[in-house]
>>> print(open('upload_20.pdb').read())   # PDB, C-alpha atoms, pLDDT in the B column
ATOM      1  CA  MET A   1       0.000   0.000   0.000  1.00 45.00           C
ATOM      2  CA  SER A   2       1.447   3.368  -0.988  1.00 43.00           C
ATOM      3  CA  ALA A   3       2.078   6.123   1.512  1.00 44.00           C
ATOM      4  CA  SER A   4      -0.458   8.338  -0.259  1.00 44.00           C
ATOM      5  CA  ARG A   5      -3.253   5.868   0.555  1.00 38.00           C
ATOM      6  CA  ARG A   6      -2.599   5.615   4.312  1.00 40.00           C
ATOM      7  CA  PRO A   7      -3.838   9.132   5.187  1.00 46.00           C
ATOM      8  CA  ARG A   8      -7.034   8.424   3.236  1.00 47.00           C
ATOM      9  CA  ARG A   9      -7.935   5.550   5.587  1.00 48.00           C
ATOM     10  CA  GLY A  10      -7.481   7.801   8.621  1.00 54.00           C
ATOM     11  CA  ARG A  11      -9.545  10.547   7.019  1.00 53.00           C
ATOM     12  CA  VAL A  12     -12.283   8.093   6.093  1.00 48.00           C
ATOM     13  CA  THR A  13     -12.391   6.803   9.674  1.00 51.00           C
ATOM     14  CA  ALA A  14     -12.587  10.345  11.012  1.00 55.00           C
ATOM     15  CA  ILE A  15     -15.328  11.268   8.549  1.00 52.00           C
ATOM     16  CA  ALA A  16     -17.260   8.085   9.354  1.00 49.00           C
ATOM     17  CA  ALA A  17     -17.097   8.932  13.052  1.00 53.00           C
ATOM     18  CA  ALA A  18     -18.228  12.479  12.310  1.00 54.00           C
ATOM     19  CA  VAL A  19     -21.114  11.203  10.184  1.00 50.00           C
ATOM     20  CA  ALA A  20     -22.188   8.861  12.987  1.00 49.00           C
ATOM     21  CA  THR A  21     -22.108  11.740  15.456  1.00 51.00           C
ATOM     22  CA  VAL A  22     -24.086  13.991  13.134  1.00 47.00           C
ATOM     23  CA  VAL A  23     -26.657  11.294  12.455  1.00 45.00           C
ATOM     24  CA  LEU A  24     -27.126  10.442  16.113  1.00 44.00           C
ATOM     25  CA  THR A  25     -27.286  14.042  17.245  1.00 47.00           C
ATOM     26  CA  ALA A  26     -29.496  15.217  14.419  1.00 45.00           C
ATOM     27  CA  GLY A  27     -31.697  12.163  14.690  1.00 43.00           C
ATOM     28  CA  LEU A  28     -32.350  12.875  18.347  1.00 42.00           C
ATOM     29  CA  THR A  29     -33.023  16.572  17.934  1.00 45.00           C
ATOM     30  CA  THR A  30     -34.477  17.057  14.455  1.00 45.00           C
ATOM     31  CA  GLY A  31     -36.289  15.349  11.624  1.00 49.00           C
ATOM     32  CA  CYS A  32     -34.955  13.271   8.777  1.00 58.00           C
ATOM     33  CA  ASP A  33     -34.463  16.283   6.484  1.00 58.00           C
ATOM     34  CA  ALA A  34     -31.802  17.716   8.800  1.00 60.00           C
ATOM     35  CA  VAL A  35     -30.040  14.352   8.939  1.00 61.00           C
ATOM     36  CA  ASP A  36     -30.105  14.071   5.148  1.00 61.00           C
ATOM     37  CA  LYS A  37     -28.699  17.588   4.748  1.00 60.00           C
ATOM     38  CA  ALA A  38     -25.938  16.921   7.280  1.00 65.00           C
ATOM     39  CA  LEU A  39     -24.998  13.682   5.540  1.00 70.00           C
ATOM     40  CA  ASP A  40     -25.026  15.385   2.144  1.00 70.00           C
ATOM     41  CA  CYS A  41     -22.700  18.075   3.491  1.00 75.00           C
ATOM     42  CA  VAL A  42     -20.287  15.548   5.004  1.00 75.00           C
ATOM     43  CA  GLN A  43     -20.296  13.322   1.918  1.00 77.00           C
ATOM     44  CA  THR A  44     -19.729  16.248  -0.418  1.00 75.00           C
ATOM     45  CA  ALA A  45     -17.001  17.624   1.864  1.00 76.00           C
ATOM     46  CA  ASP A  46     -15.295  14.223   1.665  1.00 78.00           C
ATOM     47  CA  THR A  47     -15.553  14.311  -2.125  1.00 79.00           C
ATOM     48  CA  ILE A  48     -14.014  17.791  -2.080  1.00 80.00           C
ATOM     49  CA  ALA A  49     -11.212  16.493   0.147  1.00 81.00           C
ATOM     50  CA  ASP A  50     -10.494  13.841  -2.489  1.00 81.00           C
ATOM     51  CA  SER A  51     -10.496  16.547  -5.183  1.00 80.00           C
ATOM     52  CA  VAL A  52      -8.079  18.633  -3.117  1.00 81.00           C
ATOM     53  CA  THR A  53      -5.752  15.632  -2.891  1.00 84.00           C
ATOM     54  CA  ASP A  54      -6.039  15.264  -6.667  1.00 81.00           C
ATOM     55  CA  LEU A  55      -5.272  18.981  -7.033  1.00 81.00           C
ATOM     56  CA  GLN A  56      -2.147  18.678  -4.888  1.00 84.00           C
ATOM     57  CA  GLN A  57      -0.920  15.793  -7.025  1.00 83.00           C
ATOM     58  CA  ALA A  58      -1.837  17.620 -10.232  1.00 80.00           C
ATOM     59  CA  VAL A  59       0.129  20.695  -9.166  1.00 81.00           C
ATOM     60  CA  GLU A  60       3.113  18.481  -8.366  1.00 79.00           C
ATOM     61  CA  ASN A  61       2.855  16.984 -11.873  1.00 78.00           C
ATOM     62  CA  ALA A  62       1.930  20.220 -13.668  1.00 70.00           C
ATOM     63  CA  ALA A  63       4.948  20.039 -15.950  1.00 66.00           C
ATOM     64  CA  ASN A  64       3.695  16.717 -17.333  1.00 72.00           C
ATOM     65  CA  ASP A  65      -0.007  17.562 -17.643  1.00 76.00           C
ATOM     66  CA  PRO A  66      -1.227  21.064 -16.702  1.00 71.00           C
ATOM     67  CA  SER A  67      -4.839  20.104 -17.502  1.00 79.00           C
ATOM     68  CA  GLN A  68      -4.996  17.847 -14.418  1.00 82.00           C
ATOM     69  CA  ALA A  69      -5.010  20.853 -12.095  1.00 83.00           C
ATOM     70  CA  ASP A  70      -7.795  22.459 -14.111  1.00 83.00           C
ATOM     71  CA  ALA A  71      -9.879  19.275 -13.916  1.00 84.00           C
ATOM     72  CA  SER A  72      -9.355  19.072 -10.149  1.00 84.00           C
ATOM     73  CA  LEU A  73     -10.397  22.709  -9.725  1.00 86.00           C
ATOM     74  CA  ASP A  74     -13.501  22.063 -11.840  1.00 87.00           C
ATOM     75  CA  SER A  75     -14.401  19.080  -9.657  1.00 85.00           C
ATOM     76  CA  ILE A  76     -14.031  21.103  -6.452  1.00 85.00           C
ATOM     77  CA  GLU A  77     -16.191  23.919  -7.855  1.00 87.00           C
ATOM     78  CA  LYS A  78     -18.905  21.457  -8.936  1.00 87.00           C
ATOM     79  CA  ASN A  79     -19.028  19.941  -5.458  1.00 84.00           C
ATOM     80  CA  LEU A  80     -19.098  23.379  -3.848  1.00 84.00           C
ATOM     81  CA  ARG A  81     -22.162  24.249  -5.920  1.00 85.00           C
ATOM     82  CA  THR A  82     -23.782  21.030  -4.709  1.00 81.00           C
ATOM     83  CA  ILE A  83     -23.247  21.963  -1.066  1.00 80.00           C
ATOM     84  CA  GLY A  84     -24.306  25.569  -1.658  1.00 79.00           C
ATOM     85  CA  ASP A  85     -27.530  24.455  -3.323  1.00 79.00           C
ATOM     86  CA  LYS A  86     -28.450  22.102  -0.473  1.00 76.00           C
ATOM     87  CA  THR A  87     -27.869  24.261   2.577  1.00 77.00           C
ATOM     88  CA  ASP A  88     -29.073  27.455   4.121  1.00 79.00           C
ATOM     89  CA  ASP A  89     -26.604  27.216   7.019  1.00 80.00           C
ATOM     90  CA  ALA A  90     -24.627  30.461   7.291  1.00 86.00           C
ATOM     91  CA  ASP A  91     -21.440  28.760   8.524  1.00 86.00           C
ATOM     92  CA  VAL A  92     -21.483  26.209   5.713  1.00 84.00           C
ATOM     93  CA  ASN A  93     -22.114  28.935   3.144  1.00 87.00           C
ATOM     94  CA  LYS A  94     -19.210  30.982   4.532  1.00 91.00           C
ATOM     95  CA  ALA A  95     -16.909  27.934   4.350  1.00 88.00           C
ATOM     96  CA  VAL A  96     -18.080  27.302   0.765  1.00 88.00           C
ATOM     97  CA  ASP A  97     -17.377  30.943  -0.128  1.00 92.00           C
ATOM     98  CA  ASN A  98     -13.885  30.757   1.398  1.00 92.00           C
ATOM     99  CA  LEU A  99     -13.077  27.568  -0.481  1.00 90.00           C
ATOM    100  CA  THR A 100     -14.459  29.013  -3.725  1.00 92.00           C
ATOM    101  CA  GLU A 101     -12.183  32.039  -3.310  1.00 94.00           C
ATOM    102  CA  ALA A 102      -9.160  29.822  -2.639  1.00 92.00           C
ATOM    103  CA  VAL A 103      -9.930  27.748  -5.749  1.00 91.00           C
ATOM    104  CA  ASP A 104     -10.321  30.930  -7.827  1.00 93.00           C
ATOM    105  CA  ASN A 105      -6.931  32.159  -6.591  1.00 93.00           C
ATOM    106  CA  VAL A 106      -5.215  28.915  -7.597  1.00 89.00           C
ATOM    107  CA  ARG A 107      -6.934  28.966 -10.988  1.00 88.00           C
ATOM    108  CA  THR A 108      -5.790  32.569 -11.530  1.00 92.00           C
ATOM    109  CA  ALA A 109      -2.228  31.712 -10.509  1.00 90.00           C
ATOM    110  CA  ILE A 110      -2.147  28.831 -12.995  1.00 86.00           C
ATOM    111  CA  LYS A 111      -3.656  31.017 -15.706  1.00 87.00           C
ATOM    112  CA  ASP A 112      -0.968  33.627 -15.004  1.00 90.00           C
ATOM    113  CA  GLY A 113       1.729  31.006 -15.593  1.00 86.00           C
ATOM    114  CA  ASP A 114       2.490  29.802 -12.065  1.00 86.00           C
ATOM    115  CA  ARG A 115       3.355  26.118 -12.529  1.00 79.00           C
ATOM    116  CA  THR A 116       3.481  25.471  -8.768  1.00 82.00           C
ATOM    117  CA  PRO A 117       0.766  27.576  -7.146  1.00 87.00           C
ATOM    118  CA  ASP A 118       0.315  27.454  -3.393  1.00 90.00           C
ATOM    119  CA  VAL A 119      -2.649  25.142  -2.791  1.00 89.00           C
ATOM    120  CA  SER A 120      -2.440  25.323   1.013  1.00 91.00           C
ATOM    121  CA  PRO A 121      -5.295  27.888   1.190  1.00 92.00           C
ATOM    122  CA  VAL A 122      -7.474  25.382  -0.700  1.00 89.00           C
ATOM    123  CA  THR A 123      -6.462  22.604   1.681  1.00 89.00           C
ATOM    124  CA  ASP A 124      -7.125  24.810   4.710  1.00 90.00           C
ATOM    125  CA  ALA A 125     -10.515  25.948   3.400  1.00 89.00           C
ATOM    126  CA  ALA A 126     -11.519  22.351   2.610  1.00 87.00           C
ATOM    127  CA  GLY A 127     -10.595  21.357   6.147  1.00 87.00           C
ATOM    128  CA  GLU A 128     -12.727  24.185   7.513  1.00 88.00           C
ATOM    129  CA  LEU A 129     -15.673  23.085   5.376  1.00 84.00           C
ATOM    130  CA  THR A 130     -15.365  19.530   6.680  1.00 82.00           C
ATOM    131  CA  LYS A 131     -15.211  20.880  10.236  1.00 84.00           C
ATOM    132  CA  VAL A 132     -18.323  23.013   9.707  1.00 82.00           C
ATOM    133  CA  CYS A 133     -20.208  20.098   8.134  1.00 79.00           C
ATOM    134  CA  THR A 134     -19.445  17.846  11.086  1.00 75.00           C
ATOM    135  CA  SER A 135     -20.152  20.303  13.889  1.00 72.00           C
TER     136      SER A 135
END
>>> encode(input="upload_20.pdb", output="structure tokens")
Amino acid sequence: MSASRRPRRGRVTAIAAAVATVVLTAGLTTGCDAVDKALDCVQTADTIADSVTDLQQAVENAANDPSQADASLDSIEKNLRTIGDKTDDADVNKAVDNLTEAVDNVRTAIKDGDRTPDVSPVTDAAGELTKVCTS
């Protein structure tokens, strides 16, 4: 098993625990719609986390295939729209806005010729979104 796969297992375990907490808490205090929305947020945040990992790898390999970074950014933006369309939670929307801005900044840097843009703001914003979805 490659080193790049090991962190995924830990993240999946953490997300699964967060989902269980959200489901139990929401199930005790609210109806099924709230549980469904919370699960959608967590699942989409996990998908975004995967896209961020893809983006990091694409940036590292930008010399070989610059289109990979663009595809990863497109995937993140698509998933952000999904979360934004499904929630009216102010904290989630703020996290989505912050991540959208970070993605836009990376896209602009690439467009301006930066072959190794700093993706740490994207990673940080994705982590914040996951945190907001699981709290």
>>> resolve_selection(input="upload_20.pdb", expression="the PyMOL selection byres ((chain A and resi 55) around 9)", output="JSON, numbers by chain")
{"A": [50, 51, 52, 53, 54, 56, 57, 58, 59, 60, 68, 69, 70, 71, 72, 73, 119]}
>>> closest_residue(input="upload_20.pdb", among="A:Asn105, A:Asn98, A:Asp65, A:Thr87", to="Gly127 of chain A", atoms="all atoms listed in the file")
A:Asn98
>>> atom_distance(input="upload_20.pdb", atom1="atom CA of Asp118 of chain A", atom2="atom CA of Asn64 of chain A")
17.9 Å
>>> closest_residue(input="upload_20.pdb", among="A:Ile76, A:Val42, A:Ala95, A:Ile110", to="Glu128 of chain A", atoms="all atoms listed in the file")
A:Ala95
>>> closest_residue(input="upload_20.pdb", among="A:Ala90, A:Cys133, A:Ala126, A:Val96", to="Ala49 of chain A", atoms="only C-alpha atoms")
A:Ala126
>>> resolve_selection(input="upload_20.pdb", expression="the PyMOL selection byres ((chain A and resi 122) around 8)", output="count of residues only")
11
>>> residues_around(input="upload_20.pdb", residues="Arg81 of chain A", least_positions_apart="2", cutoff="12 Å", atoms="all atoms listed in the file", output="short mmCIF file (atom, residue, chain, number, x, y, z; two decimals) with C-alpha atoms, keeping the file's coordinate frame")
data_model
loop_
_atom_site.label_atom_id
_atom_site.label_comp_id
_atom_site.auth_asym_id
_atom_site.auth_seq_id
_atom_site.Cartn_x
_atom_site.Cartn_y
_atom_site.Cartn_z
CA CYS A 41 -22.70 18.08 3.49
CA THR A 44 -19.73 16.25 -0.42
CA ALA A 45 -17.00 17.62 1.86
CA ILE A 48 -14.01 17.79 -2.08
CA ASP A 74 -13.50 22.06 -11.84
CA SER A 75 -14.40 19.08 -9.66
CA ILE A 76 -14.03 21.10 -6.45
CA GLU A 77 -16.19 23.92 -7.86
CA LYS A 78 -18.90 21.46 -8.94
CA ASN A 79 -19.03 19.94 -5.46
CA ILE A 83 -23.25 21.96 -1.07
CA GLY A 84 -24.31 25.57 -1.66
CA ASP A 85 -27.53 24.46 -3.32
CA LYS A 86 -28.45 22.10 -0.47
CA THR A 87 -27.87 24.26 2.58
CA VAL A 92 -21.48 26.21 5.71
CA ASN A 93 -22.11 28.94 3.14
CA VAL A 96 -18.08 27.30 0.76
CA ASP A 97 -17.38 30.94 -0.13
CA LEU A 99 -13.08 27.57 -0.48
CA THR A 100 -14.46 29.01 -3.72
#
>>> atom_distance(input="upload_20.pdb", atom1="atom CA of Thr82 of chain A", atom2="atom CA of Ser135 of chain A")
19.0 Å
>>> atom_distance(input="upload_20.pdb", atom1="atom CA of Glu101 of chain A", atom2="atom CA of Arg115 of chain A")
19.0 Å
>>> axis_aligned_box(input="upload_20.pdb", around="segment 93-112 of chain A", padding_each_side="8 Å", output="JSON")
{"center_x": -11.5, "center_y": 30.5, "center_z": -5.6, "size_x": 37.1, "size_y": 22.3, "size_z": 36.2}
